[in-house]
There are 2 protein chains.
Amino acid sequence: MAARKISNMLALAVLSLLHEKPMHPYEISATMKERGIPDVIKLNNGSLYSVVEALLKQGWIIPLETQREGRHPERTIYAPTETGRVGFHDWLREMVYEPAKEYPQFPAALAFIGHIPPPEMIELLELRIGFINKSIAERRAGIEFARGIGLSRIFVIESEYIIHQLDSELRWLTAFKEDIKNGSLTEQSEGETIWHMTTPADDAQLQNSKLQSKGTTLP
Amino acid sequence: MAARKISNMLALAVLSLLHEKPMHPYEISATMKERGIPDVIKLNNGSLYSVVEALLKQGWIIPLETQREGRHPERTIYAPTETGRVGFHDWLREMVYEPAKEYPQFPAALAFIGHIPPPEMIELLELRIGFINKSIAERRAGIEFARGIGLSRIFVIESEYIIHQLDSELRWLTAFKEDIKNGSLTEQSEGETIWHMTTPADDAQLQNSKLQSKGTTLP
DNA sequence: TCTCGTATACTCGAGATCGACTATATGGCT
DNA sequence: AGCCATATAGTCGATCTCGAGTATACGAGA
């Protein structure tokens, strides 16, 4: 039984819901949407059904019964098995205590910002700050609403975490922008800024190329 | 040409390196490892070759020549095309200014912590705090080393960002732990704590009474 | 009455991703 | 001389993931 762990977090959500009450996949999907789970876990029709299939194959869930209403496709109602329950709890605990190695896109992009001239970088950062402010506002509104209908804090704790992290990013972006502005990242070296990370050879290529001779010039 | 954008960040890294000098995939891989790029972008042999293939198909890179050394497999040296250069710069800018919708695992797990009893939760959080402290220390050591060999700050800016965010998470985790300890997350309700969702029955009651209309919160 | 939007419920195939594998060369150690 | 670890260079097939598609029901408005 329970050979290898499926990695898609959607499966964790499925197990959590089935842990509450047996459901068929479509109902799982609908319930998730009601609860706002797609805000933290990518929900996708196709993935949901294959994840359920995988859970079935691993013996973490079993079909209870199949119903049919009118001429709609059959719906199969699943419940967690005992191994499924144990697996769910273990997995959940693991997710909490052990940070996953993930690869968010922004730091990856930061690794190449040598290719972007500082003045433009400042504009881009300002745009990002705007976007992030917007999404913080949205999350906060969500929390306000939840509080309004008397929901306990644990039901929106993910949003609290996300807001905290977005807020932190905001502060970093602002500080970074300042560092670029006041030149602490673009020190002079032989009369040239050493921001542009491309090699001299590459610079030459760039100058020679017909298209790009102006785009990357420095202040 | 340049129909749709490939989404794998590995492709961005490939373009960045080819932008410096034409290389064959294996050299790209080696150079990435030298530069520590696998710390921010998942590098994998198989993926690298298929990403290169995709870039080729999109006309963003072209084979310059193919060499053969001894009886090793042939190696094909690629260079970016003009569209490739433009595409790279546009893509990079986009990554900087527009936050990607991503689904980190921890907040996803937080959405289900109702299933973990508070005392255990505290232990798990402490474990996580330990892990995060460790990875902060490692990143910091990396930055120290870079400074030691006279590298400019822009070459480790991703690490600065990551440390900043990890530090922020650390503070959140600590505060959260305190909130659990002092009971501000486990208020009493009809003589029972509304944290622990052990039995399915309790669970169902909770969901029904409290989570009815959360669906209208966030986009 | 007809049709349009939405809800119900799932299927499918194209493409992405990954880890494991293949095969050769080189240098150091016993 | 023989052997193993490592570097070189890339291939392959099994999953995984996703968006789009299929098919039915149903109520509201033109």
# chains A, B, ... in the order shown; residues from 1 in each chain; ligands from 1
call {"tool": "residues_around", "arguments": {"residues": "range 125-140 of chain A", "least_positions_apart": "3", "cutoff": "12 Å", "atoms": "only C-alpha atoms (C1' of nucleotides)", "output": "PyMOL selection string"}}
result
(chain A and resi 36+39-40+106+110+113+116+118-122+143-147+156-178+180-181) or (chain B and resi 93-101+217-219)
call {"tool": "closest_atom_pairs", "arguments": {"of": "chain D", "to": "range 13-16 of chain C", "cutoff": "9 Å", "atoms": "only C-alpha atoms (C1' of nucleotides)", "output": "Markdown table"}}
result
| residue | atom | partner | partner_atom | distance |
| --- | --- | --- | --- | --- |
| D:DC16 | C1' | C:DA16 | C1' | 8.2 |
| D:DT17 | C1' | C:DA16 | C1' | 7.6 |
| D:DC18 | C1' | C:DG15 | C1' | 8.9 |
call {"tool": "calpha_fit_rmsd", "arguments": {"fixed": "chain A", "moving": "chain B"}}
result
6.6 Å
call {"tool": "atom_distance", "arguments": {"atom1": "CA of Ser47 in chain B", "atom2": "C1' of DG21 in chain D"}}
result
28.9 Å
call {"tool": "interface_residues", "arguments": {"of": "chain A", "to": "chain C", "cutoff": "9 Å", "atoms": "only C-alpha atoms (C1' of nucleotides)", "output": "PyMOL selection string"}}
result
chain A and resi 25-26+45-46+49+72-75
call {"tool": "write_last_selection", "arguments": {"atoms": "C-alpha atoms", "output": "compact mmCIF listing (two decimals), in the first residue's frame"}}
result
# COMPACT_ATOMS: atom_id res chain seq x y z
CA PRO A 25 -14.82 15.02 -7.68
CA TYR A 26 -17.12 17.70 -8.97
CA ASN A 45 -10.38 20.34 -13.68
CA GLY A 46 -8.08 17.95 -15.45
CA TYR A 49 -9.50 14.08 -11.83
CA HIS A 72 -25.37 13.51 -16.58
CA PRO A 73 -22.18 11.49 -16.49
CA GLU A 74 -21.90 9.11 -13.59
CA ARG A 75 -20.40 10.48 -10.44
call {"tool": "closest_residue", "arguments": {"among": "B:Met32, B:Ala79, B:Ile149, B:Ile37", "to": "chain A", "atoms": "only C-alpha atoms"}}
result
B:Ile37
call {"tool": "atom_distance", "arguments": {"atom1": "CA of Leu43 in chain B", "atom2": "C1' of DA7 in chain D"}}
result
17.8 Å
call {"tool": "atom_distance", "arguments": {"atom1": "CA of Leu92 in chain A", "atom2": "CA of Lys42 in chain B"}}
result
23.9 Å
call {"tool": "interface_residues", "arguments": {"of": "chain D", "to": "chain B", "cutoff": "8 Å", "atoms": "only C-alpha atoms (C1' of nucleotides)", "output": "PDB file with N, CA, C and O atoms (P, O5', C5', C4', C3', O3' and C1' of nucleotides), in the first residue's frame"}}
result
ATOM      1  P    DT D   8      33.691  18.510 -17.467  1.00  0.00           P
ATOM      2  O5'  DT D   8      33.280  17.591 -18.703  1.00  0.00           O
ATOM      3  C5'  DT D   8      34.297  17.054 -19.539  1.00  0.00           C
ATOM      4  C4'  DT D   8      33.666  16.271 -20.655  1.00  0.00           C
ATOM      5  C3'  DT D   8      32.537  17.014 -21.389  1.00  0.00           C
ATOM      6  O3'  DT D   8      32.808  16.970 -22.775  1.00  0.00           O
ATOM      7  C1'  DT D   8      31.831  14.866 -20.761  1.00  0.00           C
ATOM      8  P    DA D   9      32.160  18.062 -23.686  1.00  0.00           P
ATOM      9  O5'  DA D   9      30.681  17.484 -23.862  1.00  0.00           O
ATOM     10  C5'  DA D   9      30.408  16.645 -24.979  1.00  0.00           C
ATOM     11  C4'  DA D   9      29.024  16.064 -24.901  1.00  0.00           C
ATOM     12  C3'  DA D   9      27.864  17.056 -24.734  1.00  0.00           C
ATOM     13  O3'  DA D   9      27.280  17.259 -26.021  1.00  0.00           O
ATOM     14  C1'  DA D   9      27.511  14.977 -23.586  1.00  0.00           C
ATOM     15  P    DG D  10      25.860  18.020 -26.153  1.00  0.00           P
ATOM     16  O5'  DG D  10      24.829  16.844 -25.934  1.00  0.00           O
ATOM     17  C5'  DG D  10      25.049  15.682 -26.717  1.00  0.00           C
ATOM     18  C4'  DG D  10      24.182  14.563 -26.248  1.00  0.00           C
ATOM     19  C3'  DG D  10      22.681  14.810 -26.415  1.00  0.00           C
ATOM     20  O3'  DG D  10      22.170  13.842 -27.282  1.00  0.00           O
ATOM     21  C1'  DG D  10      23.165  13.780 -24.349  1.00  0.00           C
TER      22       DG D  10
END
call {"tool": "closest_residue", "arguments": {"among": "A:Asn44, A:Ser50, A:Ser16, A:Gln58", "to": "chain B", "atoms": "only C-alpha atoms"}}
result
A:Ser16
call {"tool": "closest_residue", "arguments": {"among": "A:Ser152, A:Thr83, A:Asn182, A:Thr76", "to": "chain B", "atoms": "only C-alpha atoms"}}
result
A:Ser152
call {"tool": "select_by_dssp", "arguments": {"residues": "range 14-123 of chain B", "states": "helix (DSSP H, G or I)", "output": "PyMOL selection string"}}
result
chain B and resi 14-20+25-35+37-39+45-57+82-97+105-110+113-115+118-123
call {"tool": "select_by_dssp", "arguments": {"residues": "range 32-171 of chain B", "states": "strand (DSSP E)", "output": "VMD selection string"}}
result
chain B and resid 61 to 67 75 to 80
call {"tool": "closest_residue", "arguments": {"among": "A:Ile77, A:Val86, A:Met23, A:Ile41", "to": "chain B", "atoms": "only C-alpha atoms"}}
result
A:Ile41
call {"tool": "residues_around", "arguments": {"residues": "range 52-56 of chain A", "least_positions_apart": "2", "cutoff": "10 Å", "atoms": "only C-alpha atoms (C1' of nucleotides)", "output": "VMD selection string"}}
result
chain A and resid 2 5 to 6 10 to 12 14 to 15 24 to 25 47 to 50 58 to 63 78 to 81 84
call {"tool": "write_last_selection", "arguments": {"atoms": "N, CA, C and O atoms", "output": "tab-separated table (two decimals), in the first residue's frame"}}
result
chain	number	residue	atom	x	y	z
A	2	ALA	N	0.19	2.38	-0.01
A	2	ALA	CA	0.81	3.71	0.15
A	2	ALA	C	2.27	3.77	-0.32
A	2	ALA	O	3.16	4.16	0.42
A	5	LYS	N	4.63	8.96	-2.35
A	5	LYS	CA	3.75	10.09	-2.12
A	5	LYS	C	3.53	10.89	-3.39
A	5	LYS	O	4.46	11.27	-4.07
A	6	ILE	N	2.29	11.12	-3.69
A	6	ILE	CA	1.93	12.02	-4.77
A	6	ILE	C	2.31	13.43	-4.31
A	6	ILE	O	2.21	13.74	-3.13
A	10	LEU	N	-2.86	19.62	-4.59
A	10	LEU	CA	-4.28	19.43	-4.83
A	10	LEU	C	-4.76	18.16	-4.12
A	10	LEU	O	-5.87	18.11	-3.57
A	11	ALA	N	-3.91	17.16	-4.10
A	11	ALA	CA	-4.27	15.90	-3.44
A	11	ALA	C	-4.45	16.12	-1.94
A	11	ALA	O	-5.34	15.52	-1.32
A	12	LEU	N	-3.64	16.98	-1.36
A	12	LEU	CA	-3.78	17.28	0.06
A	12	LEU	C	-5.15	17.91	0.33
A	12	LEU	O	-5.84	17.53	1.27
A	14	VAL	N	-7.81	17.59	-1.54
A	14	VAL	CA	-8.82	16.56	-1.75
A	14	VAL	C	-8.98	15.72	-0.49
A	14	VAL	O	-10.09	15.49	-0.01
A	15	LEU	N	-7.87	15.28	0.05
A	15	LEU	CA	-7.92	14.46	1.25
A	15	LEU	C	-8.56	15.21	2.41
A	15	LEU	O	-9.36	14.66	3.15
A	24	HIS	N	-18.00	13.35	-4.48
A	24	HIS	CA	-17.53	13.06	-5.84
A	24	HIS	C	-16.69	14.23	-6.31
A	24	HIS	O	-16.82	15.35	-5.79
A	25	PRO	N	-15.79	14.00	-7.28
A	25	PRO	CA	-14.82	15.02	-7.68
A	25	PRO	C	-15.43	16.39	-7.95
A	25	PRO	O	-14.88	17.41	-7.53
A	47	SER	N	-6.48	18.29	-13.69
A	47	SER	CA	-5.57	17.85	-12.63
A	47	SER	C	-6.35	17.18	-11.51
A	47	SER	O	-5.92	16.15	-10.98
A	48	LEU	N	-7.48	17.76	-11.16
A	48	LEU	CA	-8.28	17.20	-10.08
A	48	LEU	C	-8.60	15.73	-10.34
A	48	LEU	O	-8.38	14.87	-9.47
A	49	TYR	N	-9.10	15.45	-11.54
A	49	TYR	CA	-9.50	14.08	-11.83
A	49	TYR	C	-8.29	13.14	-11.84
A	49	TYR	O	-8.37	12.00	-11.37
A	50	SER	N	-7.16	13.60	-12.35
A	50	SER	CA	-6.02	12.68	-12.37
A	50	SER	C	-5.43	12.50	-10.97
A	50	SER	O	-4.91	11.44	-10.65
A	58	GLN	N	-3.17	4.59	-5.20
A	58	GLN	CA	-2.31	4.41	-4.04
A	58	GLN	C	-3.06	3.86	-2.84
A	58	GLN	O	-2.47	3.69	-1.78
A	59	GLY	N	-4.34	3.67	-3.01
A	59	GLY	CA	-5.11	3.12	-1.91
A	59	GLY	C	-5.39	4.11	-0.79
A	59	GLY	O	-5.69	3.72	0.33
A	60	TRP	N	-5.31	5.39	-1.08
A	60	TRP	CA	-5.60	6.40	-0.05
A	60	TRP	C	-7.07	6.77	-0.03
A	60	TRP	O	-7.55	7.34	0.94
A	61	ILE	N	-7.78	6.48	-1.11
A	61	ILE	CA	-9.22	6.69	-1.13
A	61	ILE	C	-9.87	5.47	-1.78
A	61	ILE	O	-9.20	4.72	-2.50
A	62	ILE	N	-11.15	5.27	-1.50
A	62	ILE	CA	-11.92	4.21	-2.19
A	62	ILE	C	-13.25	4.77	-2.65
A	62	ILE	O	-13.82	5.66	-2.01
A	63	PRO	N	-13.77	4.22	-3.76
A	63	PRO	CA	-15.10	4.63	-4.21
A	63	PRO	C	-16.15	4.01	-3.29
A	63	PRO	O	-16.10	2.81	-3.02
A	78	TYR	N	-16.15	9.26	-3.35
A	78	TYR	CA	-14.97	8.68	-2.72
A	78	TYR	C	-14.91	9.00	-1.24
A	78	TYR	O	-15.37	10.06	-0.80
A	79	ALA	N	-14.28	8.10	-0.51
A	79	ALA	CA	-13.99	8.34	0.90
A	79	ALA	C	-12.54	7.96	1.16
A	79	ALA	O	-11.98	7.13	0.44
A	80	PRO	N	-11.91	8.59	2.15
A	80	PRO	CA	-10.52	8.22	2.46
A	80	PRO	C	-10.46	6.85	3.12
A	80	PRO	O	-11.36	6.48	3.86
A	81	THR	N	-9.41	6.12	2.82
A	81	THR	CA	-9.17	4.87	3.55
A	81	THR	C	-8.42	5.20	4.84
A	81	THR	O	-8.05	6.35	5.07
A	84	GLY	N	-5.17	6.38	3.96
A	84	GLY	CA	-5.32	7.73	3.42
A	84	GLY	C	-5.34	8.77	4.54
A	84	GLY	O	-4.68	9.81	4.44
call {"tool": "closest_residue", "arguments": {"among": "B:Glu82, B:Ala30, B:Gly183, B:Ala141", "to": "chain A", "atoms": "only C-alpha atoms"}}
result
B:Glu82
